[in-house]
Amino acid sequence: MGRSPCCEKAHTNRGAWTKDEDARLIAYIRAHGEGCWRMLPKAAGLRRCGKSCRLRWINYLRPDLKRGNFTQEEDDLIVKIHSLLGNRWSLIAGKLPGRTDNEIKNYWNTHIRKKLLSWGVDPATHRPIKIGSICFERRREEDGAEAQHPQPKCPVDLNLELCISPPLQQATSSSSRSVN
DNA sequence: AAACCCACCAACCGCGATACA
DNA sequence: GTGTATCGCGGTTGGTGGGTT
């Protein structure tokens, strides 16, 4: 048995939100607060599914959101936390006030991922990329590509070695993890 | 000026987790 | 203990704008 859809697609708007829809959503949440996303669209007079309302609020309309470019500090922090937690975007977002998981995920995929790859670092493991048994960086030296197209170097102070913070006994006795 | 390419990002989709009857 | 509804997360898609040919 398949999962039932979260909403009746035939009677809901899809795609980009209009100013009027944004205004209705903001007004409703200011008056009633967040929560019960399932009921919200009907109560707010929106032809959207609750999921869509929640996403729009969290990723775009929340008043505490910090818009604009990521700072170098945020950039470094994302890389460091990602090396510990992997693609746990909501957890990473929790360490970056004013940033959303979606925003960080997009930033990772469009900026940081490419930057790490250009350094010869695997974005998934945060370890030097190896091709077969040959290290990526060594290959570059061997084929002379480095001389013709010098690559940016990984910052010295950015520790990309995997470093799981919980002590060994915690790692074996508990699955809960925290980053501070 | 037009066509094409690419990067960015808002939004959607599917699924696991959780709450509740 | 089980089934259902809802929430929240992560992966992916698609529209748009800017740059290049």
# chains A, B, ... in the order shown; residues from 1 in each chain; ligands from 1
call {"tool": "residues_around", "arguments": {"residues": "DT6 of chain C", "least_positions_apart": "4", "cutoff": "10 Å", "atoms": "only C-alpha atoms (C1' of nucleotides)", "output": "PyMOL selection string"}}
result
(chain A and resi 6+36-38+50-51) or (chain B and resi 18-19)
call {"tool": "residues_around", "arguments": {"residues": "DG16 of chain B", "least_positions_apart": "5", "cutoff": "12 Å", "atoms": "only C-alpha atoms (C1' of nucleotides)", "output": "PyMOL selection string"}}
result
chain C and resi 7-10
call {"tool": "write_last_selection", "arguments": {"atoms": "all heavy atoms", "output": "PDB file, in the first residue's frame"}}
result
ATOM      1  P    DC C   7       1.680  18.669  10.958  1.00  0.00           P
ATOM      2  OP1  DC C   7       1.307  19.832  11.800  1.00  0.00           O
ATOM      3  OP2  DC C   7       1.537  18.718   9.489  1.00  0.00           O
ATOM      4  O5'  DC C   7       3.188  18.288  11.290  1.00  0.00           O
ATOM      5  C5'  DC C   7       3.508  17.797  12.587  1.00  0.00           C
ATOM      6  C4'  DC C   7       4.983  17.454  12.671  1.00  0.00           C
ATOM      7  O4'  DC C   7       5.248  16.233  11.938  1.00  0.00           O
ATOM      8  C3'  DC C   7       5.906  18.520  12.086  1.00  0.00           C
ATOM      9  O3'  DC C   7       6.950  18.744  13.017  1.00  0.00           O
ATOM     10  C2'  DC C   7       6.417  17.904  10.779  1.00  0.00           C
ATOM     11  C1'  DC C   7       6.353  16.411  11.065  1.00  0.00           C
ATOM     12  N1   DC C   7       6.124  15.521   9.896  1.00  0.00           N
ATOM     13  C2   DC C   7       6.974  14.436   9.664  1.00  0.00           C
ATOM     14  O2   DC C   7       7.934  14.257  10.419  1.00  0.00           O
ATOM     15  N3   DC C   7       6.741  13.624   8.619  1.00  0.00           N
ATOM     16  C4   DC C   7       5.694  13.845   7.820  1.00  0.00           C
ATOM     17  N4   DC C   7       5.487  13.011   6.804  1.00  0.00           N
ATOM     18  C5   DC C   7       4.805  14.950   8.035  1.00  0.00           C
ATOM     19  C6   DC C   7       5.052  15.752   9.080  1.00  0.00           C
ATOM     20  P    DG C   8       7.937  19.975  12.889  1.00  0.00           P
ATOM     21  OP1  DG C   8       8.320  20.418  14.250  1.00  0.00           O
ATOM     22  OP2  DG C   8       7.367  20.924  11.914  1.00  0.00           O
ATOM     23  O5'  DG C   8       9.209  19.295  12.207  1.00  0.00           O
ATOM     24  C5'  DG C   8       9.820  18.200  12.868  1.00  0.00           C
ATOM     25  C4'  DG C   8      10.935  17.636  12.012  1.00  0.00           C
ATOM     26  O4'  DG C   8      10.372  16.835  10.946  1.00  0.00           O
ATOM     27  C3'  DG C   8      11.822  18.684  11.337  1.00  0.00           C
ATOM     28  O3'  DG C   8      13.167  18.330  11.613  1.00  0.00           O
ATOM     29  C2'  DG C   8      11.468  18.582   9.849  1.00  0.00           C
ATOM     30  C1'  DG C   8      11.008  17.129   9.725  1.00  0.00           C
ATOM     31  N9   DG C   8      10.033  16.853   8.673  1.00  0.00           N
ATOM     32  C8   DG C   8       8.927  17.595   8.348  1.00  0.00           C
ATOM     33  N7   DG C   8       8.222  17.068   7.367  1.00  0.00           N
ATOM     34  C5   DG C   8       8.913  15.922   7.030  1.00  0.00           C
ATOM     35  C6   DG C   8       8.643  14.937   6.035  1.00  0.00           C
ATOM     36  O6   DG C   8       7.696  14.899   5.238  1.00  0.00           O
ATOM     37  N1   DG C   8       9.606  13.931   6.040  1.00  0.00           N
ATOM     38  C2   DG C   8      10.691  13.873   6.889  1.00  0.00           C
ATOM     39  N2   DG C   8      11.512  12.830   6.747  1.00  0.00           N
ATOM     40  N3   DG C   8      10.962  14.782   7.812  1.00  0.00           N
ATOM     41  C4   DG C   8      10.033  15.770   7.828  1.00  0.00           C
ATOM     42  P    DC C   9      14.361  19.218  11.059  1.00  0.00           P
ATOM     43  OP1  DC C   9      15.266  19.395  12.200  1.00  0.00           O
ATOM     44  OP2  DC C   9      13.872  20.386  10.290  1.00  0.00           O
ATOM     45  O5'  DC C   9      15.037  18.212  10.025  1.00  0.00           O
ATOM     46  C5'  DC C   9      15.248  16.862  10.434  1.00  0.00           C
ATOM     47  C4'  DC C   9      15.718  16.058   9.243  1.00  0.00           C
ATOM     48  O4'  DC C   9      14.597  15.810   8.367  1.00  0.00           O
ATOM     49  C3'  DC C   9      16.787  16.754   8.411  1.00  0.00           C
ATOM     50  O3'  DC C   9      17.926  15.921   8.322  1.00  0.00           O
ATOM     51  C2'  DC C   9      16.132  16.980   7.049  1.00  0.00           C
ATOM     52  C1'  DC C   9      14.987  15.979   7.029  1.00  0.00           C
ATOM     53  N1   DC C   9      13.776  16.431   6.295  1.00  0.00           N
ATOM     54  C2   DC C   9      13.274  15.658   5.237  1.00  0.00           C
ATOM     55  O2   DC C   9      13.865  14.616   4.935  1.00  0.00           O
ATOM     56  N3   DC C   9      12.167  16.071   4.594  1.00  0.00           N
ATOM     57  C4   DC C   9      11.561  17.202   4.967  1.00  0.00           C
ATOM     58  N4   DC C   9      10.467  17.566   4.302  1.00  0.00           N
ATOM     59  C5   DC C   9      12.056  18.007   6.038  1.00  0.00           C
ATOM     60  C6   DC C   9      13.162  17.593   6.672  1.00  0.00           C
ATOM     61  P    DG C  10      19.263  16.502   7.751  1.00  0.00           P
ATOM     62  OP1  DG C  10      20.338  15.914   8.564  1.00  0.00           O
ATOM     63  OP2  DG C  10      19.162  17.956   7.577  1.00  0.00           O
ATOM     64  O5'  DG C  10      19.311  15.850   6.307  1.00  0.00           O
ATOM     65  C5'  DG C  10      19.249  14.443   6.182  1.00  0.00           C
ATOM     66  C4'  DG C  10      19.121  14.063   4.727  1.00  0.00           C
ATOM     67  O4'  DG C  10      17.815  14.457   4.246  1.00  0.00           O
ATOM     68  C3'  DG C  10      20.135  14.730   3.797  1.00  0.00           C
ATOM     69  O3'  DG C  10      20.660  13.737   2.924  1.00  0.00           O
ATOM     70  C2'  DG C  10      19.328  15.797   3.065  1.00  0.00           C
ATOM     71  C1'  DG C  10      17.938  15.180   3.044  1.00  0.00           C
ATOM     72  N9   DG C  10      16.846  16.135   2.996  1.00  0.00           N
ATOM     73  C8   DG C  10      16.730  17.296   3.708  1.00  0.00           C
ATOM     74  N7   DG C  10      15.625  17.956   3.457  1.00  0.00           N
ATOM     75  C5   DG C  10      14.974  17.168   2.526  1.00  0.00           C
ATOM     76  C6   DG C  10      13.729  17.362   1.879  1.00  0.00           C
ATOM     77  O6   DG C  10      12.924  18.300   2.006  1.00  0.00           O
ATOM     78  N1   DG C  10      13.444  16.323   1.006  1.00  0.00           N
ATOM     79  C2   DG C  10      14.247  15.230   0.780  1.00  0.00           C
ATOM     80  N2   DG C  10      13.806  14.334  -0.088  1.00  0.00           N
ATOM     81  N3   DG C  10      15.406  15.042   1.382  1.00  0.00           N
ATOM     82  C4   DG C  10      15.711  16.044   2.232  1.00  0.00           C
TER      83       DG C  10
END
call {"tool": "closest_atom_pairs", "arguments": {"of": "chain B", "to": "chain A", "cutoff": "8 Å", "atoms": "only C-alpha atoms (C1' of nucleotides)", "output": "CSV"}}
result
residue,atom,partner,partner_atom,distance
B:DA7,C1',A:Thr110,CA,7.5
B:DC8,C1',A:Thr110,CA,7.4
B:DC9,C1',A:Asn106,CA,6.9
B:DA10,C1',A:Ala16,CA,7.4
B:DA11,C1',A:Gly15,CA,6.5
call {"tool": "closest_atom_pairs", "arguments": {"of": "chain A", "to": "chain C", "cutoff": "8 Å", "atoms": "only C-alpha atoms (C1' of nucleotides)", "output": "JSON lines"}}
result
{"residue": "A:Arg38", "atom": "CA", "partner": "C:DT6", "partner_atom": "C1'", "distance": 7.5}
{"residue": "A:Asn87", "atom": "CA", "partner": "C:DG10", "partner_atom": "C1'", "distance": 7.6}
{"residue": "A:Arg88", "atom": "CA", "partner": "C:DG10", "partner_atom": "C1'", "distance": 7.9}
{"residue": "A:Trp89", "atom": "CA", "partner": "C:DG10", "partner_atom": "C1'", "distance": 7.7}
{"residue": "A:Ser90", "atom": "CA", "partner": "C:DC9", "partner_atom": "C1'", "distance": 7.3}
call {"tool": "write_last_selection", "arguments": {"atoms": "C-alpha atoms", "output": "PDB file, in the first residue's frame"}}
result
ATOM      1  CA  ARG A  38      -1.533  20.510   8.269  1.00  0.00           C
ATOM      2  CA  ASN A  87      25.114  15.691   5.570  1.00  0.00           C
ATOM      3  CA  ARG A  88      23.177  16.438   8.753  1.00  0.00           C
ATOM      4  CA  TRP A  89      22.166  19.839   7.455  1.00  0.00           C
ATOM      5  CA  SER A  90      19.645  20.620  10.148  1.00  0.00           C
TER       6      SER A  90
END
call {"tool": "atom_distance", "arguments": {"atom1": "atom CA of Asp101 of chain A", "atom2": "atom CA of Asn69 of chain A"}}
result
14.9 Å
call {"tool": "select_by_dssp", "arguments": {"residues": "segment 51-142 of chain A", "states": "strand (DSSP E)", "output": "list of chain:residue names"}}
result
A:Lys130, A:Ile131, A:Ile134, A:Cys135
